[in-house]
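**Student:** This is run_18.tsv, which holds TSV, C-alpha atoms:
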chain	number	residue	atom	x	y	z
N	245	CYS	CA	4.91	-16.02	-11.60
N	246	GLN	CA	4.75	-19.51	-13.08
N	247	HIS	CA	8.47	-19.91	-13.84
N	248	GLY	CA	11.07	-21.33	-11.47
N	249	PRO	CA	13.07	-19.32	-8.91
N	250	GLN	CA	15.86	-18.64	-11.41
N	251	GLY	CA	13.50	-17.55	-14.20
N	252	ARG	CA	12.55	-14.04	-15.28
N	253	CYS	CA	9.57	-12.57	-17.09
N	254	LEU	CA	8.17	-9.14	-17.92
N	255	GLN	CA	6.02	-9.26	-14.79
N	256	CYS	CA	8.91	-9.65	-12.37
N	257	SER	CA	11.80	-8.08	-14.29
N	258	GLY	CA	13.29	-5.19	-12.32
N	259	ARG	CA	11.40	-6.01	-9.13
N	260	LEU	CA	13.60	-5.30	-6.13
N	261	VAL	CA	14.56	-7.91	-3.55
N	262	GLN	CA	14.99	-6.06	-0.30
N	263	ASN	CA	17.10	-7.38	2.58
N	264	VAL	CA	15.84	-6.36	6.02
N	265	PRO	CA	17.16	-7.03	9.53
N	266	LEU	CA	15.90	-10.30	11.01
N	267	GLN	CA	14.68	-8.52	14.14
N	268	LEU	CA	12.51	-6.18	12.05
N	269	TYR	CA	10.95	-9.14	10.25
N	270	SER	CA	10.42	-10.91	13.57
N	271	ASP	CA	8.69	-7.82	15.02
N	272	PHE	CA	6.30	-7.76	12.07
N	273	CYS	CA	5.50	-11.45	12.37
N	274	SER	CA	4.89	-11.12	16.11
N	275	ALA	CA	2.46	-8.26	15.54
N	276	PHE	CA	0.32	-10.34	13.21
N	277	SER	CA	0.69	-13.66	15.05
N	278	SER	CA	1.51	-15.66	11.92
N	279	PRO	CA	4.31	-16.00	9.34
N	280	ALA	CA	4.09	-12.80	7.33
N	281	SER	CA	5.31	-14.42	4.13
N	282	SER	CA	2.52	-16.99	3.98
N	283	SER	CA	0.55	-16.99	0.74
N	284	THR	CA	-1.49	-20.10	1.53
N	285	ALA	CA	-3.89	-18.76	4.15
N	286	PRO	CA	-7.65	-19.21	3.58
N	287	PRO	CA	-9.36	-16.64	1.32
N	288	PRO	CA	-10.70	-13.48	2.98
N	289	ARG	CA	-14.07	-13.79	4.70
N	290	ALA	CA	-16.98	-11.38	4.68
N	291	LEU	CA	-16.75	-9.02	7.66
N	292	GLY	CA	-19.66	-6.81	8.64
N	293	GLY	CA	-21.18	-7.13	5.18
N	294	GLN	CA	-17.86	-6.30	3.49
N	295	VAL	CA	-15.16	-8.51	2.06
N	296	ALA	CA	-11.71	-8.27	3.55
N	297	GLY	CA	-9.40	-6.95	0.84
N	298	ARG	CA	-6.16	-8.44	-0.33
N	299	GLU	CA	-2.98	-7.61	1.57
N	300	LEU	CA	0.63	-8.05	0.51
N	301	THR	CA	3.07	-10.32	2.30
N	302	PHE	CA	5.91	-8.73	4.23
N	303	PRO	CA	8.54	-9.56	1.54
N	304	ALA	CA	6.25	-7.98	-1.07
N	305	LEU	CA	5.74	-4.89	1.11
N	306	ALA	CA	9.49	-4.60	1.64
N	307	ALA	CA	10.09	-4.82	-2.12
N	308	LEU	CA	7.34	-2.32	-2.90
N	309	THR	CA	8.63	0.13	-0.30
N	310	ALA	CA	12.13	-0.14	-1.77
N	311	CYS	CA	10.66	0.55	-5.22
N	312	LEU	CA	9.06	3.76	-3.93
N	313	ALA	CA	12.41	4.78	-2.36
N	314	PRO	CA	10.98	6.85	0.52
N	315	GLU	CA	13.15	9.28	2.44
N	316	PRO	CA	13.23	9.13	6.26
N	317	GLY	CA	10.10	10.65	7.74
N	318	GLU	CA	7.86	10.20	4.69
N	319	ARG	CA	4.13	9.77	5.28
N	320	LEU	CA	2.00	6.89	3.99
N	321	LEU	CA	-1.79	7.00	3.67
N	322	HIS	CA	-3.48	3.65	2.98
N	323	LEU	CA	-7.11	3.84	1.85
N	324	GLY	CA	-8.64	0.49	2.69
N	325	SER	CA	-5.87	-0.56	5.05
N	326	ASN	CA	-7.53	-3.84	6.14
N	327	SER	CA	-5.62	-5.40	9.07
N	328	GLY	CA	-2.85	-2.79	8.84
N	329	ARG	CA	0.03	-4.89	7.52
N	330	SER	CA	1.17	-2.16	5.14
N	331	LEU	CA	1.11	0.42	7.94
N	332	ALA	CA	3.27	-1.68	10.24
N	333	ALA	CA	5.69	-2.50	7.43
N	334	TRP	CA	6.06	1.18	6.48
N	335	ALA	CA	6.69	2.28	10.07
N	336	LEU	CA	9.25	-0.50	10.53
N	337	LEU	CA	11.03	-0.08	7.18
N	338	VAL	CA	11.10	3.73	6.85
N	339	PRO	CA	13.12	5.56	9.52
N	340	ARG	CA	10.78	8.03	11.28
N	341	GLY	CA	8.14	7.09	8.71
N	342	VAL	CA	4.51	7.83	9.58
N	343	ALA	CA	1.64	5.61	8.40
N	344	CYS	CA	-2.09	6.37	8.47
N	345	GLY	CA	-4.79	3.86	7.55
N	346	VAL	CA	-8.46	4.43	6.70
N	347	GLU	CA	-10.58	1.27	6.91
N	348	PRO	CA	-14.39	1.16	6.45
N	349	CYS	CA	-14.85	-2.22	8.18
N	350	SER	CA	-14.97	-1.90	11.97
N	351	GLN	CA	-13.85	-5.51	12.52
N	352	LEU	CA	-10.77	-5.06	10.36
N	353	HIS	CA	-10.07	-1.75	12.07
N	354	ASP	CA	-10.24	-3.43	15.48
N	355	ALA	CA	-7.98	-6.26	14.29
N	356	ALA	CA	-5.44	-3.70	13.08
N	357	ALA	CA	-5.55	-1.85	16.40
N	358	ALA	CA	-4.89	-5.08	18.28
N	359	SER	CA	-1.93	-5.93	16.05
N	360	MET	CA	-0.34	-2.49	16.46
N	361	LEU	CA	-0.31	-2.95	20.24
N	362	ARG	CA	2.21	-5.78	19.74
N	363	LEU	CA	4.72	-3.43	18.11
N	364	ASP	CA	7.40	-1.45	19.92
N	365	ALA	CA	6.01	1.70	21.55
N	366	GLU	CA	8.13	4.00	19.37
N	367	VAL	CA	6.74	2.36	16.21
N	368	GLN	CA	3.17	2.53	17.55
N	369	GLN	CA	3.48	6.30	17.94
N	370	ARG	CA	3.98	6.64	14.18
N	371	ILE	CA	0.91	4.65	13.14
N	372	PHE	CA	-2.59	6.16	13.03
N	373	LEU	CA	-5.79	4.21	12.41
N	374	HIS	CA	-9.10	5.70	11.30
N	375	GLN	CA	-12.37	3.78	10.85
N	376	GLY	CA	-14.65	5.31	8.26
N	377	ALA	CA	-15.39	5.81	4.56
N	378	LEU	CA	-12.42	6.16	2.20
N	379	LEU	CA	-13.45	9.64	1.06
N	380	ASP	CA	-14.04	11.06	4.55
N	381	MET	CA	-10.51	12.50	4.79
N	382	GLN	CA	-10.07	13.54	1.17
N	383	GLY	CA	-9.12	17.07	2.20
N	384	GLU	CA	-6.11	15.66	4.08
N	385	TRP	CA	-4.69	13.46	1.31
N	386	HIS	CA	-2.20	16.13	0.29
N	387	GLN	CA	-0.28	15.55	3.53
N	388	ALA	CA	0.79	12.07	2.40
N	389	THR	CA	3.88	11.51	0.27
N	390	ALA	CA	2.77	7.98	-0.65
N	391	ILE	CA	-0.80	6.69	-0.99
N	392	PHE	CA	-1.88	3.05	-1.18
N	393	LEU	CA	-5.37	2.23	-2.43
N	394	ASN	CA	-7.05	-1.15	-1.98
N	395	CYS	CA	-9.52	-1.42	-4.84
N	396	ASP	CA	-11.42	-4.48	-3.58
N	397	GLY	CA	-15.10	-3.64	-3.32
N	398	LEU	CA	-14.84	-0.33	-5.21
N	399	ASP	CA	-17.24	0.06	-8.12
N	400	ASP	CA	-16.33	2.21	-11.13
N	401	GLY	CA	-18.06	5.28	-9.69
N	402	ARG	CA	-16.24	5.14	-6.35
N	403	LEU	CA	-12.93	4.46	-8.07
N	404	ALA	CA	-13.47	7.51	-10.30
N	405	GLN	CA	-14.08	9.63	-7.18
N	406	VAL	CA	-10.87	8.40	-5.62
N	407	ALA	CA	-8.90	8.98	-8.83
N	408	ALA	CA	-10.27	12.54	-9.03
N	409	GLY	CA	-9.14	13.18	-5.46
N	410	LEU	CA	-5.67	11.90	-6.25
N	411	GLU	CA	-5.28	14.58	-8.92
N	412	ARG	CA	-5.07	17.15	-6.11
N	413	VAL	CA	-2.23	15.57	-4.13
N	414	SER	CA	1.15	17.28	-3.85
N	415	PRO	CA	3.72	16.94	-6.66
N	416	GLY	CA	6.09	14.03	-6.12
N	417	THR	CA	3.47	11.90	-4.34
N	418	ARG	CA	3.54	8.23	-5.34
N	419	MET	CA	0.28	6.29	-5.55
N	420	VAL	CA	-0.08	2.51	-5.44
N	421	SER	CA	-3.32	0.88	-6.62
N	422	LEU	CA	-3.75	-2.73	-5.49
N	423	GLY	CA	-5.78	-5.07	-7.65
N	424	ARG	CA	-6.85	-2.83	-10.53
N	425	PRO	CA	-5.69	0.28	-12.40
N	426	LEU	CA	-7.07	3.76	-11.78
N	427	CYS	CA	-8.09	4.03	-15.46
N	428	SER	CA	-10.11	1.68	-17.66
N	429	ASN	CA	-7.02	1.53	-19.87
N	430	PRO	CA	-4.34	-0.02	-17.63
N	431	ASN	CA	-1.60	1.56	-19.73
N	432	ARG	CA	-2.76	5.11	-18.96
N	433	ALA	CA	-2.98	7.29	-15.86
N	434	PRO	CA	-5.62	9.71	-14.56
N	435	THR	CA	-5.25	13.38	-15.49
N	436	GLY	CA	-2.23	14.94	-13.81
N	437	LEU	CA	-0.58	11.63	-12.93
N	438	GLN	CA	2.05	9.42	-14.54
N	439	LEU	CA	1.97	5.62	-14.69
N	440	VAL	CA	5.36	4.48	-13.43
N	441	ARG	CA	4.97	0.74	-13.73
N	442	GLN	CA	2.75	-2.32	-13.33
N	443	VAL	CA	4.07	-5.33	-11.43
N	444	LEU	CA	2.85	-8.45	-9.67
N	445	TYR	CA	3.29	-8.84	-5.91
N	446	ARG	CA	2.45	-11.76	-3.62
N	447	THR	CA	-0.59	-11.47	-1.37
N	448	VAL	CA	-1.22	-13.13	1.97
N	449	CYS	CA	-4.10	-15.31	0.86
N	450	SER	CA	-4.90	-15.00	-2.85
N	451	GLY	CA	-1.71	-15.57	-4.86
N	452	ASN	CA	-0.31	-12.71	-6.90
N	453	THR	CA	-2.06	-9.40	-7.50
N	454	SER	CA	-1.40	-6.66	-10.02
N	455	VAL	CA	-0.02	-3.47	-8.50
N	456	PHE	CA	-0.12	-0.19	-10.43
N	457	ILE	CA	2.30	2.54	-9.36
N	458	TYR	CA	1.61	6.17	-10.29
N	459	ARG	CA	3.32	9.45	-9.52
N	460	LYS	CA	2.34	13.11	-9.65
N	461	PRO	CA	5.15	14.87	-11.51
N	462	GLN	CA	6.86	18.01	-10.32
N	463	PRO	CA	5.95	21.20	-12.26
N	464	HIS	CA	9.37	21.41	-13.90
N	465	GLU	CA	8.96	17.85	-15.21
N	466	LEU	CA	5.81	18.86	-17.05
N	467	ASN	CA	7.66	21.66	-18.83
N	468	SER	CA	10.69	19.59	-19.83
What does this structure look like when you write it as structure tokens?
**Tutor:**
Amino acid sequence: CQHGPQGRCLQCSGRLVQNVPLQLYSDFCSAFSSPASSSTAPPPRALGGQVAGRELTFPALAALTACLAPEPGERLLHLGSNSGRSLAAWALLVPRGVACGVEPCSQLHDAAAASMLRLDAEVQQRIFLHQGALLDMQGEWHQATAIFLNCDGLDDGRLAQVAAGLERVSPGTRMVSLGRPLCSNPNRAPTGLQLVRQVLYRTVCSGNTSVFIYRKPQPHELNS
């Protein structure tokens, strides 16, 4: 946001500031070989004919995770997981949390795999990396309790396919769309989902990005 550190606006109002142990933050930084809170890195480069998508800084990931309020052992699926920062953060921040990433770009997938090897062995065991198209594992999406979607590089047709798949996830699942909403109207949600909120979070290399948080309601919530 453009205001000073003591200011407030509608974009940042209610956003959580999450305190985490210093060792946990240090482990994350060591895995990615650079200060995780940096927002001044060069813009993403084209990799294998694709553009590396935006990724959130560690403080932003910690705040977003706190906003989702996961229980111990919850499972994250990140479609378009890039270098895997969100996966490492989830596994570090959520006790017994499991994180699975699907990344189309082989170079980003390899970079993520190398970073995960720098994490503690127990944390590594709870992170799974898959290299392939975002829709390849659509039949398994229901196993996740939280789903992140990186919308960089998705045209309207592909985004509509992803949104349709999200309608079939389990009730209570939270969905986070990075960079653009799942509907042409940002104030609405796809069929069967609820828009929880829209907020700005800091990215590693491209300033702030809009983040749209959705949720699939429980059946009793639909009848109330």
**Student:** For the atom pair atom CA of N:Gly397 and atom CA of N:Val443, what is the interatomic distance in Å to one decimal place?
**Tutor:**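 Between atom CA of N:Gly397 and atom CA of N:Val443 the gap is 20.9 Å.
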**Student:** Given the choices N:Ile457, N:Leu336, N:Ala307, N:Leu323, which gets closest to N:Tyr269 if the distance is worked out from only C-alpha atoms?
**Tutor:**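 Closest candidate: N:Leu336.
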**Student:** Please determine, counting all atoms listed in the file, which residue among N:Phe272, N:Leu337, N:Ile371, N:Tyr445 has the shortest atom-to-atom distance to N:Leu422.
**Tutor:**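 Between N:Phe272, N:Leu337, N:Ile371, N:Tyr445, the residue approaching N:Leu422 most closely is N:Tyr445.
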**Student:** Go through N:Leu426, N:Leu300, N:Ala306, N:Cys349 and flag the residue nearest N:Gly451, using all atoms listed in the file for the distances.
**Tutor:** N:Leu300
**Student:** Mind listing whatever residues come within 8 Å of the point (-12.9, 5.3, 8.7)? Use only C-alpha atoms, file coordinates, and give them as a PyMOL selection string.
**Tutor:** chain N and resi 346-349+374-378+380
**Student:** Measuring between all atoms listed in the file, which one of N:Ala313, N:Arg362, N:Asp354, N:Val406 shows the shortest distance to N:Pro339?
**Tutor:**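 Closest to N:Pro339 of all the choices is N:Ala313.
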**Student:** So the first atom is atom CA of N:Leu308 and the second is atom CA of N:Val455; what is the distance between them in Å, to one decimal place?
**Tutor:** 9.3 Å
**Student:** How many Å separate atom CA of N:Gln382 from atom CA of N:Ser325?
**Tutor:**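 Computing it gives 15.2 Å between the two atoms.
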**Student:** Pick from N:Arg412, N:Ser428, N:Gln387, N:Ser277: nearest to N:Ala356, with all atoms listed in the file counted?
**Tutor:** N:Ser277
**Student:** For N:Ala404, list every protein, DNA or RNA residue within 12 Å, evaluated using all atoms listed in the file, and leave out those in the same chain fewer than 4 positions away; present the list as a short mmCIF file (atom, residue, chain, number, x, y, z; two decimals) with C-alpha atoms, in the frame of the given file.
**Tutor:**
data_model
loop_
_atom_site.label_atom_id
_atom_site.label_comp_id
_atom_site.auth_asym_id
_atom_site.auth_seq_id
_atom_site.Cartn_x
_atom_site.Cartn_y
_atom_site.Cartn_z
CA LEU N 379 -13.45 9.64 1.06
CA CYS N 395 -9.52 -1.42 -4.84
CA LEU N 398 -14.84 -0.33 -5.21
CA ASP N 399 -17.24 0.06 -8.12
CA ASP N 400 -16.33 2.21 -11.13
CA ALA N 408 -10.27 12.54 -9.03
CA GLY N 409 -9.14 13.18 -5.46
CA LEU N 410 -5.67 11.90 -6.25
CA GLU N 411 -5.28 14.58 -8.92
CA PRO N 425 -5.69 0.28 -12.40
CA LEU N 426 -7.07 3.76 -11.78
CA CYS N 427 -8.09 4.03 -15.46
CA SER N 428 -10.11 1.68 -17.66
CA ALA N 433 -2.98 7.29 -15.86
CA PRO N 434 -5.62 9.71 -14.56
CA THR N 435 -5.25 13.38 -15.49
#
**Student:** Can you list, as a PyMOL selection string, every protein, DNA or RNA residue that comes within 12 Å of N:Ser414 when you count only C-alpha atoms, leaving out same-chain residues fewer than 4 positions away?
**Tutor:** chain N and resi 383-391+409-410+418-419+436-437+459-463
**Student:** Nearest to N:Leu393: which of N:Glu318, N:Asp271, N:Glu299, N:Glu465 is it, counting only C-alpha atoms?
**Tutor:**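 That would be N:Glu299, the residue with the smallest distance to N:Leu393.
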